[in-house]
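K.L.:
Submitted below is the structure of interest, expressed as structure tokens.
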Amino acid sequence: MNWKVYLSDIDLTQKEIQAVTKVLKSRWLTMGEVTQNFEKAFAKFLGVKHALAVASGTAALHLALKALELKPGDEVLLPSLTFVASANAIVYNQAKPVFVDISSLDNLNISVEDLQRKITDKTRTILVVHYAGYPADMVRINQIAQKYNLAVIEDSAHAIGAEINKKKMGTWGDMGCFSFFSNKNLVTGEGGMLVTNSDELAQKLKLLRSHGMTTLTWERHKGQAHCYDVVELGFNYRMTEIESALGIEQLKKLKKNNTKRERLTKFYIKQLKGVSQIKIPFLNYPHQSSFHIFPILLGKGIDRNRFLEEMKKRKIQTSVHYQPVHKFTYYQNNFPEVREISLPNTEYVGKQEVTLPLHPLMTERDVIYVCNSIRKIIK
Ligand SMILES: Cc1ncc(COP(=O)(O)O)c(C=O)c1O
């Protein structure tokens with residue numbers, strides 16, 4: 001489809017091409033010096049002690065939960081309004097996902113009240129998602145975690161560069177998980193990062209990332225080691241040097257591009273003022289967002305499918321974030337208790353949310369075109 005306004009697009013230039021070419025010419029393609037440099041730069045950017053590059057955001061979530069050594073039946077609290085990977089990572093670890101509602105139609109992040117209600121003696125972990133890049137209430141969530149002795153993992157896939165009181169998201173919990181999938185604020189194609197301030201967790205995560213092996217191919221290549229032992233049942237969740245080279249260049253422009261996203265978001269809000277059938281969440285949000293996506297909520301009377309079709313006719317690419325995870329067949333079949341739960345705000349957003357185009361290559365003219373189209377469709 002030849003879209004007039006794309007949902008997302010990437011700021012890729014000659015810089016990335018040169019960086020990738022340099023890696024190819026070096027003839028060392030997997031987890032070596034370039035990846036170490038990316039990890040260092042990422043840790044510095046976040047202000048965190050350890051950053052470990054991994055194969056995807058899903059891999060980061062899988063390993064973070066694995067490092068907690070959950071037992072079958074242990075419960076992990078998470079919002080149902082998230083990408084399915086957040087919940088899948090819990091199931092990979094034989095733990096049970098317990099779905100929590102979002103705060104309101106103004107704040108689409110996990111409800112601290114509902115979260116507290118759902119704590120049982122089997123609860124071990126809170127998996128927070130910073131929806132659309134707007135930080136969840138980590139101050140209160142960490143207080144609850146401390147009170148009940150729970151670990152906190154931040155799914156920060158949307159929230160690279162977002163912060164509360166100048167402290168970056170991903171560094172508030174025990175571990176932070178990032179995704180560099182192609183639609184994210186920082187892209188490496190596939191890829192992700194796991195961050196933590198704990199030396200002990202970092203050591204465990206490093207082993208789990210690479211088959212539980214005590215030395216890496218890179219170290220053996222450099223002549224620093226000959227042999228290795230295998231001390232854990234790990235995975236191959238390594239990142240390539242090609243991805244890391246992209247990541248280093250992308251990180252350099254992240255701040256500039258997040259600011260561009262912020263400007264466009266504010267311009268959208270101005271342009272949509274007075275369109276009464278539409279609600280814009282996160283208005284006057286108290287924390288710094290990374291402005292990953294721009295979600296709107298259609299009023300009850302608007303048929304979303306028809307709305308999306310009309311946008312498509314005008315060559316505007318849109319999306320939905322998200323279909324609630326607890327409504328998916330797999331979760332209904334394998335966790336029968338989710339058939340009974342009611343998450344009213346999540347379910348409303350699941351039916352009426354529309355994600356409008358937002359990316360650093362967009363112009364104000366694009367925003368005007370999208371908003372004028374919305375006005376016409378709704379009329
Ligand atoms: C909220 C959220 N969690 C997890 C993921 C999984 O990341 P990845 O696609 O890199 O595996 C994504 C990205 O798609 C996401 O948006």
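Order determines the names: the first chain of the structure tokens is A, the second B, and so forth; residues in each chain are numbered 1 upward, and ligands are numbered 1 upward as they are shown.
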Enumerate as a ChimeraX atom specification the residues within 8 Å of ligand 1, counting only C-alpha atoms and all ligand atoms.

P.N.:
/A:55-61,82-86,129-131,155-158,178-181,183-184,190-192

K.L.:
Applying 10 Å and only C-alpha atoms, which residues near Glu39 in chain A remain after dropping the ones on its own chain fewer than 2 positions away? List them as a PyMOL selection string.

P.N.:
chain A and resi 33-37+41-45+50-53+193-195+244+247-248

K.L.:
Store the residues picked out above, limited to N, CA and C atoms, as a short mmCIF file (atom, residue, chain, number, x, y, z; two decimals), in the first residue's frame.

P.N.:
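Printed below is part14.cif as written:
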data_model
loop_
_atom_site.label_atom_id
_atom_site.label_comp_id
_atom_site.auth_asym_id
_atom_site.auth_seq_id
_atom_site.Cartn_x
_atom_site.Cartn_y
_atom_site.Cartn_z
N GLU A 33 33.50 -6.00 20.02
CA GLU A 33 33.83 -4.65 20.50
C GLU A 33 32.72 -3.63 20.27
N VAL A 34 32.06 -3.71 19.11
CA VAL A 34 31.02 -2.73 18.78
C VAL A 34 29.85 -2.88 19.75
N THR A 35 29.50 -4.13 20.04
CA THR A 35 28.40 -4.36 21.00
C THR A 35 28.79 -3.85 22.38
N GLN A 36 30.05 -4.10 22.76
CA GLN A 36 30.50 -3.57 24.08
C GLN A 36 30.38 -2.04 24.11
N ASN A 37 30.74 -1.40 23.00
CA ASN A 37 30.64 0.07 22.95
C ASN A 37 29.19 0.54 23.01
N ALA A 41 27.63 2.91 25.93
CA ALA A 41 26.96 4.18 25.59
C ALA A 41 25.53 4.18 26.13
N PHE A 42 24.86 3.02 26.04
CA PHE A 42 23.47 2.92 26.48
C PHE A 42 23.39 3.04 28.01
N ALA A 43 24.34 2.38 28.70
CA ALA A 43 24.37 2.46 30.17
C ALA A 43 24.61 3.90 30.61
N LYS A 44 25.49 4.59 29.91
CA LYS A 44 25.79 5.99 30.25
C LYS A 44 24.55 6.86 30.02
N PHE A 45 23.90 6.64 28.90
CA PHE A 45 22.69 7.42 28.58
C PHE A 45 21.63 7.25 29.67
N HIS A 50 24.77 -1.56 34.56
CA HIS A 50 24.96 -2.62 33.57
C HIS A 50 23.92 -2.51 32.45
N ALA A 51 24.39 -2.63 31.20
CA ALA A 51 23.47 -2.73 30.06
C ALA A 51 23.94 -3.92 29.22
N LEU A 52 23.04 -4.85 28.95
CA LEU A 52 23.39 -6.05 28.18
C LEU A 52 22.57 -6.09 26.90
N ALA A 53 23.26 -6.09 25.77
CA ALA A 53 22.56 -6.13 24.49
C ALA A 53 22.03 -7.54 24.25
N MET A 193 17.74 -4.42 24.87
CA MET A 193 18.74 -4.18 25.91
C MET A 193 18.11 -4.49 27.26
N LEU A 194 18.94 -5.08 28.12
CA LEU A 194 18.53 -5.38 29.49
C LEU A 194 19.40 -4.55 30.40
N VAL A 195 18.80 -3.81 31.31
CA VAL A 195 19.63 -2.97 32.18
C VAL A 195 19.33 -3.27 33.65
N SER A 244 24.42 -3.58 16.67
CA SER A 244 25.03 -2.67 17.64
C SER A 244 25.56 -1.40 16.96
N GLY A 247 22.73 0.72 16.46
CA GLY A 247 22.28 1.23 17.76
C GLY A 247 23.10 2.43 18.22
N ILE A 248 24.42 2.35 18.02
CA ILE A 248 25.30 3.46 18.45
C ILE A 248 24.91 4.74 17.72
#

K.L.:
From the set A:Asn345, A:Gln250, A:Thr265, A:Asn334, which residue has the shortest atom-to-atom contact distance to Ile17 in chain A, counting only C-alpha atoms?

P.N.:
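Ranking A:Asn345, A:Gln250, A:Thr265, A:Asn334 by distance to Ile17 in chain A, first place goes to A:Gln250.
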
K.L.:
May I have the residues within 10 Å of Lys166 in chain A as number ranges by chain, using only C-alpha atoms and disregarding those fewer than 4 positions away in the same chain?

P.N.:
A: 161-162, 287-288

K.L.:
Could you give me, as a list in words, the residues within 9 Å of range 121-125 of chain A, counting only C-alpha atoms and dropping anything in the same chain fewer than 4 positions from it?

P.N.:
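The residues satisfying every condition are Leu65, Leu68, Leu70, Gly73, Asp74, Glu75, Val76, Leu77, Leu78, Val98, Ala145, Tyr148, Asn149, Leu150, Ala151, Val152 and Ile153 of chain A.
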
K.L.:
Enter the distance from CA of Thr171 in chain A to CA of Leu205 in chain A, in Å, rounded to one decimal.

P.N.:
15.9 Å
